[in-house]
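Visitor: Contents are compact mmCIF, C-alpha atoms and all ligand atoms; file name protein26.txt:
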```
# COMPACT_ATOMS: atom_id res chain seq x y z
CA MET S 1 280.62 93.22 99.42
CA ILE S 2 281.20 90.54 96.80
CA SER S 3 280.11 90.12 93.21
CA LEU S 4 277.11 87.85 92.83
CA PHE S 5 278.96 86.47 89.82
CA SER S 6 281.94 85.39 91.96
CA PRO S 7 282.18 81.76 93.20
CA GLU S 8 281.31 82.98 96.71
CA GLY S 9 278.33 84.97 95.37
CA ILE S 10 277.01 81.90 93.55
CA ARG S 11 277.49 79.85 96.73
CA ARG S 12 275.34 82.39 98.61
CA LEU S 13 272.63 81.95 95.96
CA ASP S 14 272.90 78.16 96.22
CA GLN S 15 272.28 78.49 99.97
CA ILE S 16 269.33 80.90 99.84
CA VAL S 17 267.26 79.65 96.90
CA GLN S 18 264.64 77.11 97.93
CA PRO S 19 260.94 76.60 97.24
CA GLY S 20 258.87 79.48 98.61
CA LEU S 21 261.74 81.97 98.35
CA LEU S 22 260.37 85.52 98.55
CA CYS S 23 261.92 87.65 95.79
CA VAL S 24 261.75 91.37 96.56
CA PHE S 25 262.84 94.09 94.15
CA ASP S 26 263.15 97.83 94.22
CA PHE S 27 261.99 99.42 90.93
CA ASP S 28 264.00 102.47 89.76
CA GLY S 29 267.62 101.65 89.04
CA THR S 30 266.97 97.98 89.82
CA LEU S 31 264.27 96.66 87.50
CA SER S 32 264.36 99.74 85.30
CA ALA S 33 267.08 102.15 84.19
CA ILE S 34 267.47 105.48 85.97
CA VAL S 35 266.12 108.04 83.50
CA PRO S 36 266.30 111.86 83.60
CA GLU S 37 262.51 112.10 83.78
CA PRO S 38 261.28 109.66 86.47
CA ASP S 39 257.93 109.52 84.71
CA ARG S 40 259.50 107.68 81.78
CA ALA S 41 260.90 104.78 83.83
CA HIS S 42 259.56 101.45 82.60
CA LEU S 43 260.26 97.72 82.45
CA THR S 44 261.97 96.43 79.34
CA PRO S 45 260.12 93.52 77.67
CA GLU S 46 262.88 91.12 78.85
CA VAL S 47 262.60 92.17 82.50
CA TYR S 48 258.80 92.14 82.32
CA GLU S 49 258.67 88.63 80.85
CA SER S 50 261.13 87.27 83.40
CA LEU S 51 259.21 88.84 86.28
CA VAL S 52 255.98 87.28 85.05
CA LYS S 53 257.67 83.88 84.80
CA LEU S 54 259.28 84.22 88.22
CA SER S 55 256.03 85.24 89.90
CA ALA S 56 254.40 82.07 88.56
CA LEU S 57 257.05 80.07 90.47
CA THR S 58 257.46 81.94 93.76
CA PRO S 59 256.13 85.03 95.58
CA VAL S 60 257.47 88.26 94.10
CA ALA S 61 257.24 91.61 95.87
CA ILE S 62 258.01 95.09 94.62
CA LEU S 63 259.20 97.51 97.30
CA THR S 64 259.54 100.96 95.76
CA GLY S 65 259.75 104.63 96.67
CA ARG S 66 256.98 105.35 94.17
CA SER S 67 253.34 105.53 95.19
CA LEU S 68 251.17 102.50 94.44
CA GLU S 69 249.14 104.56 91.99
CA ASP S 70 252.33 105.42 90.11
CA ILE S 71 253.94 101.98 90.14
CA ARG S 72 250.95 99.78 89.15
CA PRO S 73 250.72 100.74 85.46
CA ARG S 74 254.53 100.51 85.10
CA LEU S 75 254.55 96.86 86.21
CA ARG S 76 251.69 95.55 84.09
CA PHE S 77 251.63 92.40 86.23
CA GLU S 78 250.30 91.68 89.70
CA PRO S 79 253.08 90.75 92.14
CA ALA S 80 252.19 88.91 95.34
CA TYR S 81 252.99 92.08 97.32
CA LEU S 82 253.22 95.67 96.19
CA VAL S 83 254.63 98.16 98.65
CA GLY S 84 255.07 101.85 97.83
CA ASN S 85 256.43 105.00 99.42
CA HIS S 86 259.56 103.32 100.80
CA GLY S 87 257.51 100.93 102.93
CA LEU S 88 254.77 103.36 104.03
CA GLU S 89 252.04 102.26 101.64
CA GLY S 90 250.57 98.85 100.95
CA VAL S 91 252.19 96.75 103.69
CA PRO S 92 249.45 94.40 104.88
CA GLY S 93 248.65 95.06 108.54
CA CYS S 94 250.23 98.53 108.67
CA GLU S 95 247.33 100.71 107.44
CA GLU S 96 246.70 102.64 110.69
CA SER S 97 249.27 105.41 110.40
CA SER S 98 248.32 106.30 106.82
CA ALA S 99 245.90 109.17 107.53
CA GLN S 100 248.49 110.83 109.77
CA TYR S 101 251.17 110.58 107.07
CA LEU S 102 248.86 112.06 104.43
CA THR S 103 248.19 115.15 106.57
CA LEU S 104 251.84 115.60 107.42
CA CYS S 105 252.97 115.33 103.78
CA ARG S 106 250.38 117.86 102.64
CA ARG S 107 251.71 120.29 105.27
CA TRP S 108 255.33 119.74 104.19
CA GLU S 109 254.43 120.09 100.52
CA HIS S 110 252.82 123.47 101.10
CA ALA S 111 255.67 124.73 103.30
CA ILE S 112 258.39 123.58 100.88
CA ARG S 113 256.70 124.95 97.75
CA THR S 114 256.28 128.31 99.49
CA ALA S 115 259.91 128.35 100.66
CA LEU S 116 261.24 127.31 97.21
CA HIS S 117 259.39 130.25 95.69
CA ASP S 118 260.30 132.77 98.41
CA ASP S 119 263.99 131.78 98.44
CA GLY S 120 264.28 132.04 94.65
CA PHE S 121 265.20 128.41 93.91
CA ASP S 122 265.72 127.31 90.31
CA PRO S 123 262.30 126.34 88.87
CA ARG S 124 263.79 122.96 87.89
CA VAL S 125 263.64 121.96 91.55
CA TRP S 126 260.29 120.24 91.83
CA VAL S 127 258.23 118.67 94.58
CA GLU S 128 256.39 115.40 94.19
CA ASN S 129 253.83 114.58 96.85
CA LYS S 130 253.53 110.79 96.93
CA GLY S 131 250.88 110.94 99.64
CA TYR S 132 252.86 109.18 102.36
CA SER S 133 256.21 110.73 101.56
CA LEU S 134 257.57 113.68 99.63
CA SER S 135 260.25 113.74 96.95
CA VAL S 136 262.14 116.88 96.02
CA HIS S 137 263.90 116.46 92.67
CA TYR S 138 266.83 118.60 91.51
CA ARG S 139 268.43 116.51 88.74
CA ASP S 140 268.20 119.19 86.05
CA THR S 141 269.40 122.17 88.05
CA PRO S 142 272.57 123.91 86.76
CA ASP S 143 274.42 123.49 90.06
CA PRO S 144 273.09 120.32 91.74
CA HIS S 145 275.76 120.35 94.47
CA GLN S 146 274.91 123.86 95.63
CA THR S 147 271.18 123.15 95.31
CA GLU S 148 271.60 120.07 97.49
CA GLY S 149 273.07 122.12 100.33
CA ARG S 150 270.43 124.83 100.06
CA LEU S 151 267.65 122.23 100.07
CA GLU S 152 269.00 120.52 103.18
CA HIS S 153 268.99 123.85 104.95
CA LEU S 154 265.46 124.56 103.73
CA PHE S 155 264.18 121.20 105.01
CA SER S 156 265.71 121.82 108.44
CA GLN S 157 263.77 125.11 108.58
CA VAL S 158 260.32 124.14 107.28
CA ALA S 159 260.11 120.37 107.91
CA PRO S 160 262.48 119.80 110.85
CA GLU S 161 260.73 116.59 111.94
CA ALA S 162 261.14 114.90 108.53
CA ARG S 163 263.49 111.99 108.03
CA VAL S 164 265.44 113.29 105.03
CA ILE S 165 267.12 110.74 102.79
CA ALA S 166 269.43 111.86 100.00
CA GLY S 167 269.07 109.74 96.85
CA LYS S 168 270.26 110.18 93.29
CA SER S 169 269.45 113.88 92.65
CA VAL S 170 266.39 113.54 94.83
CA PHE S 171 265.60 114.01 98.50
CA SER S 172 262.95 111.83 100.10
CA LEU S 173 261.16 113.26 103.13
CA LEU S 174 259.58 110.60 105.29
CA PRO S 175 257.46 110.90 108.44
CA PRO S 176 259.53 110.46 111.61
CA ASN S 177 259.53 107.00 113.21
CA ALA S 178 257.59 105.66 110.26
CA ALA S 179 258.08 102.36 108.50
CA ASP S 180 260.97 102.04 106.07
CA LYS S 181 261.93 99.44 103.49
CA GLY S 182 263.61 97.38 106.21
CA SER S 183 260.58 97.15 108.47
CA ALA S 184 258.35 96.59 105.41
CA LEU S 185 260.49 93.64 104.35
CA GLN S 186 260.36 92.16 107.85
CA GLN S 187 256.55 92.43 107.79
CA LEU S 188 256.41 90.76 104.35
CA MET S 189 258.52 87.92 105.75
CA ARG S 190 256.07 87.50 108.66
CA ILE S 191 252.90 87.48 106.57
CA SER S 192 254.26 85.43 103.68
CA ALA S 193 255.91 82.88 106.00
CA ALA S 194 258.62 82.60 103.34
CA PRO S 195 261.63 80.49 104.40
CA CYS S 196 264.08 83.01 102.98
CA VAL S 197 264.24 86.18 100.94
CA ILE S 198 266.30 87.87 98.23
CA TYR S 199 266.27 91.65 98.07
CA VAL S 200 267.68 93.69 95.19
CA GLY S 201 268.01 97.48 95.35
CA ASP S 202 270.30 100.28 94.29
CA ASP S 203 269.90 103.34 96.47
CA VAL S 204 270.07 104.85 99.94
CA THR S 205 266.61 103.79 101.15
CA ASP S 206 267.49 100.18 100.20
CA GLU S 207 270.18 100.27 102.89
CA ASP S 208 267.37 99.88 105.47
CA VAL S 209 266.98 96.37 104.06
CA PHE S 210 270.69 95.73 103.50
CA ARG S 211 271.42 96.54 107.15
CA LEU S 212 269.04 93.84 108.43
CA GLN S 213 271.74 91.17 108.11
CA ARG S 214 269.26 88.31 108.64
CA PRO S 215 270.66 84.84 107.91
CA ASP S 216 267.55 84.14 105.79
CA LEU S 217 268.16 87.27 103.65
CA LEU S 218 270.48 87.63 100.68
CA SER S 219 270.82 91.34 99.92
CA ILE S 220 272.06 92.42 96.51
CA ARG S 221 272.99 95.93 95.48
CA ILE S 222 273.03 97.18 91.91
CA GLU S 223 276.64 98.35 91.42
CA PRO S 224 279.31 97.92 94.10
CA ALA S 225 279.65 100.60 96.80
CA THR S 226 282.06 100.66 99.73
CA HIS S 227 279.54 102.33 102.06
CA SER S 228 276.80 99.75 101.45
CA ALA S 229 275.74 97.05 103.91
CA ALA S 230 274.54 94.74 101.10
CA ALA S 231 276.10 91.27 100.99
CA CYS S 232 276.54 91.10 97.21
CA TYR S 233 276.38 93.30 94.15
CA LEU S 234 275.47 93.05 90.50
CA PRO S 235 277.88 95.07 88.31
CA GLN S 236 275.08 97.03 86.60
CA TRP S 237 271.28 97.10 86.62
CA GLN S 238 270.98 95.18 83.33
CA ASP S 239 272.48 92.18 85.15
CA VAL S 240 269.21 91.85 87.05
CA ILE S 241 267.95 89.96 84.00
CA VAL S 242 270.69 87.34 84.55
CA LEU S 243 269.63 87.01 88.17
CA LEU S 244 265.93 86.75 87.26
CA ASP S 245 266.61 84.06 84.69
CA ASP S 246 268.87 82.18 87.08
CA LEU S 247 266.16 82.24 89.76
CA ILE S 248 263.61 80.99 87.22
CA SER S 249 265.94 78.13 86.26
CA ARG S 250 266.63 77.16 89.84
CA LEU S 251 263.01 77.37 90.97
CA SER S 252 261.72 75.40 88.00
CA ASN S 253 264.48 72.81 88.48
CA ALA S 254 265.95 73.58 85.11
CA ASP S 255 269.65 74.13 84.47
CA PRO S 256 271.04 75.43 87.76
CA HIS S 257 274.28 76.51 86.17
CA GLN S 258 272.96 79.35 84.06
CA LEU S 259 274.37 82.11 86.23
CA ARG S 260 277.65 80.26 86.49
CA ASN S 261 277.83 80.09 82.68
CA THR S 262 276.81 83.71 82.22
CA ALA S 263 279.28 84.77 84.90
CA SER S 264 282.16 83.13 83.07
CA ASN S 265 281.01 84.77 79.80
CA VAL S 266 281.00 88.26 81.32
CA GLY S 267 284.29 87.59 83.06
CA GLY S 268 282.71 87.87 86.52
MG MG E 1 266.01 102.43 93.28
```
What is this structure when it is put down as structure tokens?
Ligand SMILES: [Mg+2]
Guide:
Amino acid sequence: MISLFSPEGIRRLDQIVQPGLLCVFDFDGTLSAIVPEPDRAHLTPEVYESLVKLSALTPVAILTGRSLEDIRPRLRFEPAYLVGNHGLEGVPGCEESSAQYLTLCRRWEHAIRTALHDDGFDPRVWVENKGYSLSVHYRDTPDPHQTEGRLEHLFSQVAPEARVIAGKSVFSLLPPNAADKGSALQQLMRISAAPCVIYVGDDVTDEDVFRLQRPDLLSIRIEPATHSAAACYLPQWQDVIVLLDDLISRLSNADPHQLRNTASNVGG
């Protein structure tokens, strides 16, 4: 994994950026800061303005774990593609399985809420039913590590068929054999007929995209991580603004050296 601000990282950008580039972004921790209360996550004015500019130049997609209902008002602009629930909601051409997922998630939600109560879990563990997937949050519990282990055991008892993904103080429970961010991105590539794609994400479910290793994909992780399959990283989420502005410059044939200049300023 190399820094996008390194000479090699910039060379990768030079190779991938061309007219029609599909620009795909995760939301939390990528376009917005991770906040203690997920409900307060939002775009800063700078990120918002750059996204609006970029989407006037090339197709932009948002691929998030949030439901579409939740993400829409946070964006305040209409991207070319909006995919929610880690790839389960909003992918054109993949609507069939939805009813099944809704039923399954309602069943899991009921079983988990009951078990949390019966097993005396801390009330700060809370369940969010996103319709097509379930999130179980435990950020504010006094002993997150112990809670994590207890929750994993609980899931294996009451939702054994779920695909459980551990995120940042949150577990995502996804229907088995269902779409993920990787398959969603592949479908977006098919329907958009984009020549190449950039994907930026920060968390475990983004690895489904990072692992694709397509030659027409440049995958970028927020913050370096040894376990990640992403090709490049940005040192911190705020650097996404540098990337957005660099893409705008390149795609509008303005100064192509903006990232290079910024990189030397931040000592990248
Ligand atoms: Mg994220």
Visitor: Which residues of chain S come within 10 Å of ligand MG 1 (chain E), and what is each one's closest atom pair and distance in Å (one decimal), counting only C-alpha atoms and all ligand atoms, sorted by chain and residue number, as a Markdown table?
Guide:
```
| residue | atom | partner | partner_atom | distance |
| --- | --- | --- | --- | --- |
| S:Phe25 | CA | E:MG1 | MG | 9.0 |
| S:Asp26 | CA | E:MG1 | MG | 5.5 |
| S:Phe27 | CA | E:MG1 | MG | 5.5 |
| S:Asp28 | CA | E:MG1 | MG | 4.1 |
| S:Gly29 | CA | E:MG1 | MG | 4.6 |
| S:Thr30 | CA | E:MG1 | MG | 5.7 |
| S:Leu31 | CA | E:MG1 | MG | 8.4 |
| S:Ser32 | CA | E:MG1 | MG | 8.6 |
| S:Ala33 | CA | E:MG1 | MG | 9.2 |
| S:Ile34 | CA | E:MG1 | MG | 8.1 |
| S:Leu63 | CA | E:MG1 | MG | 9.3 |
| S:Thr64 | CA | E:MG1 | MG | 7.1 |
| S:Gly65 | CA | E:MG1 | MG | 7.5 |
| S:Arg66 | CA | E:MG1 | MG | 9.5 |
| S:His86 | CA | E:MG1 | MG | 9.9 |
| S:Gly167 | CA | E:MG1 | MG | 8.7 |
| S:Lys168 | CA | E:MG1 | MG | 8.8 |
| S:Val200 | CA | E:MG1 | MG | 9.1 |
| S:Gly201 | CA | E:MG1 | MG | 5.7 |
| S:Asp202 | CA | E:MG1 | MG | 4.9 |
| S:Asp203 | CA | E:MG1 | MG | 5.1 |
| S:Val204 | CA | E:MG1 | MG | 8.2 |
| S:Thr205 | CA | E:MG1 | MG | 8.0 |
| S:Asp206 | CA | E:MG1 | MG | 7.4 |
| S:Arg221 | CA | E:MG1 | MG | 9.8 |
| S:Ile222 | CA | E:MG1 | MG | 8.9 |
```
Visitor: Please measure the separation of CA of Leu151 (chain S) and CA of Ile71 (chain S), giving the value in Å to one decimal.
Guide: 26.4 Å
Visitor: Using only C-alpha atoms, which residues sit within 8 Å of Gly182 (chain S) once same-chain residues fewer than 5 positions away are excluded, as a list in words?
Guide: Gly87, Asp206, Glu207, Asp208, Val209, Phe210, Arg211 and Leu212 of chain S
Visitor: Rank nothing, just name the residue among S:Thr103, S:Ala178, S:Ala230, S:Ile248 nearest to Gly9 (chain S), using all atoms listed in the file.
Guide: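 With all atoms listed in the file as the atom set, the closest residue is S:Ala230.
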Visitor: In Å to one decimal, how far is CA of Leu244 (chain S) from CA of Ser50 (chain S)?
Guide: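 Between these atoms lies a distance of 6.2 Å.
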Visitor: How many Å lie between CA of Pro38 (chain S) and CA of Leu4 (chain S), rounded to one decimal?
Guide: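 It comes out at 27.7 Å.
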Visitor: From the list S:Thr114, S:Asn253, S:Gln18, S:Gln100, which residue is nearest Leu154 (chain S) when using all atoms listed in the file?
Guide: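 Closest candidate: S:Thr114.
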Visitor: Excluding same-chain residues fewer than 5 positions from Phe77 (chain S), what lies within 12 Å of it counting all atoms listed in the file, as a compact mmCIF listing (two decimals) with C-alpha atoms, keeping the file's coordinate frame?
Guide:
```
# COMPACT_ATOMS: atom_id res chain seq x y z
CA LEU S 43 260.26 97.72 82.45
CA VAL S 47 262.60 92.17 82.50
CA TYR S 48 258.80 92.14 82.32
CA GLU S 49 258.67 88.63 80.85
CA SER S 50 261.13 87.27 83.40
CA LEU S 51 259.21 88.84 86.28
CA VAL S 52 255.98 87.28 85.05
CA LYS S 53 257.67 83.88 84.80
CA LEU S 54 259.28 84.22 88.22
CA SER S 55 256.03 85.24 89.90
CA ALA S 56 254.40 82.07 88.56
CA VAL S 60 257.47 88.26 94.10
CA ALA S 61 257.24 91.61 95.87
CA ILE S 62 258.01 95.09 94.62
CA ILE S 71 253.94 101.98 90.14
CA ARG S 72 250.95 99.78 89.15
CA LEU S 82 253.22 95.67 96.19
```
Visitor: Please list as a ChimeraX atom specification every residue within 6 Å of Val125 (chain S), counting all atoms listed in the file and excluding residues in the same chain fewer than 2 positions away.
Guide: /S:122-123,137-138
Visitor: Kindly indicate which residue among S:Pro7, S:Pro73, S:Pro224, S:Gly131 lies nearest to Tyr101 (chain S), using only C-alpha atoms for the distances.
Guide: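 Checking each of S:Pro7, S:Pro73, S:Pro224, S:Gly131 against Tyr101 (chain S), counting only C-alpha atoms, the winner is S:Gly131.
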Visitor: Kindly indicate which residue among S:Ala193, S:Ile112, S:Pro59, S:Lys130 lies nearest to Pro160 (chain S), using only C-alpha atoms for the distances.
Guide: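 Among the listed residues, the smallest separation from Pro160 (chain S) belongs to S:Ile112.
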Visitor: Quick one: residues within 10 Å of Val127 (chain S), all atoms listed in the file counted, chain neighbours fewer than 6 positions away excluded, as a PyMOL selection string?
Guide: chain S and resi 109-110+112-113+116+134-138+170-172
Visitor: Output C-alpha atoms of each residue in that selection to a file, as a PDB file, keeping the file's coordinate frame.
Guide:
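Full text of result.pdb as output:
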```pdb
ATOM      1  CA  GLU S 109     254.430 120.090 100.520  1.00  0.00           C
ATOM      2  CA  HIS S 110     252.820 123.470 101.100  1.00  0.00           C
ATOM      3  CA  ILE S 112     258.390 123.580 100.880  1.00  0.00           C
ATOM      4  CA  ARG S 113     256.700 124.950  97.750  1.00  0.00           C
ATOM      5  CA  LEU S 116     261.240 127.310  97.210  1.00  0.00           C
ATOM      6  CA  LEU S 134     257.570 113.680  99.630  1.00  0.00           C
ATOM      7  CA  SER S 135     260.250 113.740  96.950  1.00  0.00           C
ATOM      8  CA  VAL S 136     262.140 116.880  96.020  1.00  0.00           C
ATOM      9  CA  HIS S 137     263.900 116.460  92.670  1.00  0.00           C
ATOM     10  CA  TYR S 138     266.830 118.600  91.510  1.00  0.00           C
ATOM     11  CA  VAL S 170     266.390 113.540  94.830  1.00  0.00           C
ATOM     12  CA  PHE S 171     265.600 114.010  98.500  1.00  0.00           C
ATOM     13  CA  SER S 172     262.950 111.830 100.100  1.00  0.00           C
TER      14      SER S 172
END
```
Visitor: Select, from S:Glu69, S:Ala111, S:Gln236, S:Gln187, the residue with the minimum atom-to-atom distance to Ala159 (chain S), counting only C-alpha atoms.
Guide: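 Smallest distance to Ala159 (chain S) is found for S:Ala111.
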Visitor: Find the residues with any atom within 8 Å of (268.0, 118.5, 87.3); use all atoms listed in the file and the coordinates as given in the file, and write the answer as a PyMOL selection string.
Guide: chain S and resi 36+124-125+137-142+144+169
Visitor: I need the residue nearest Val83 (chain S) from this list: S:Asp180, S:Glu8, S:Glu223, S:Asp239. Use only C-alpha atoms for the distance.
Guide: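 Using only C-alpha atoms, Val83 (chain S) sits closest to S:Asp180.
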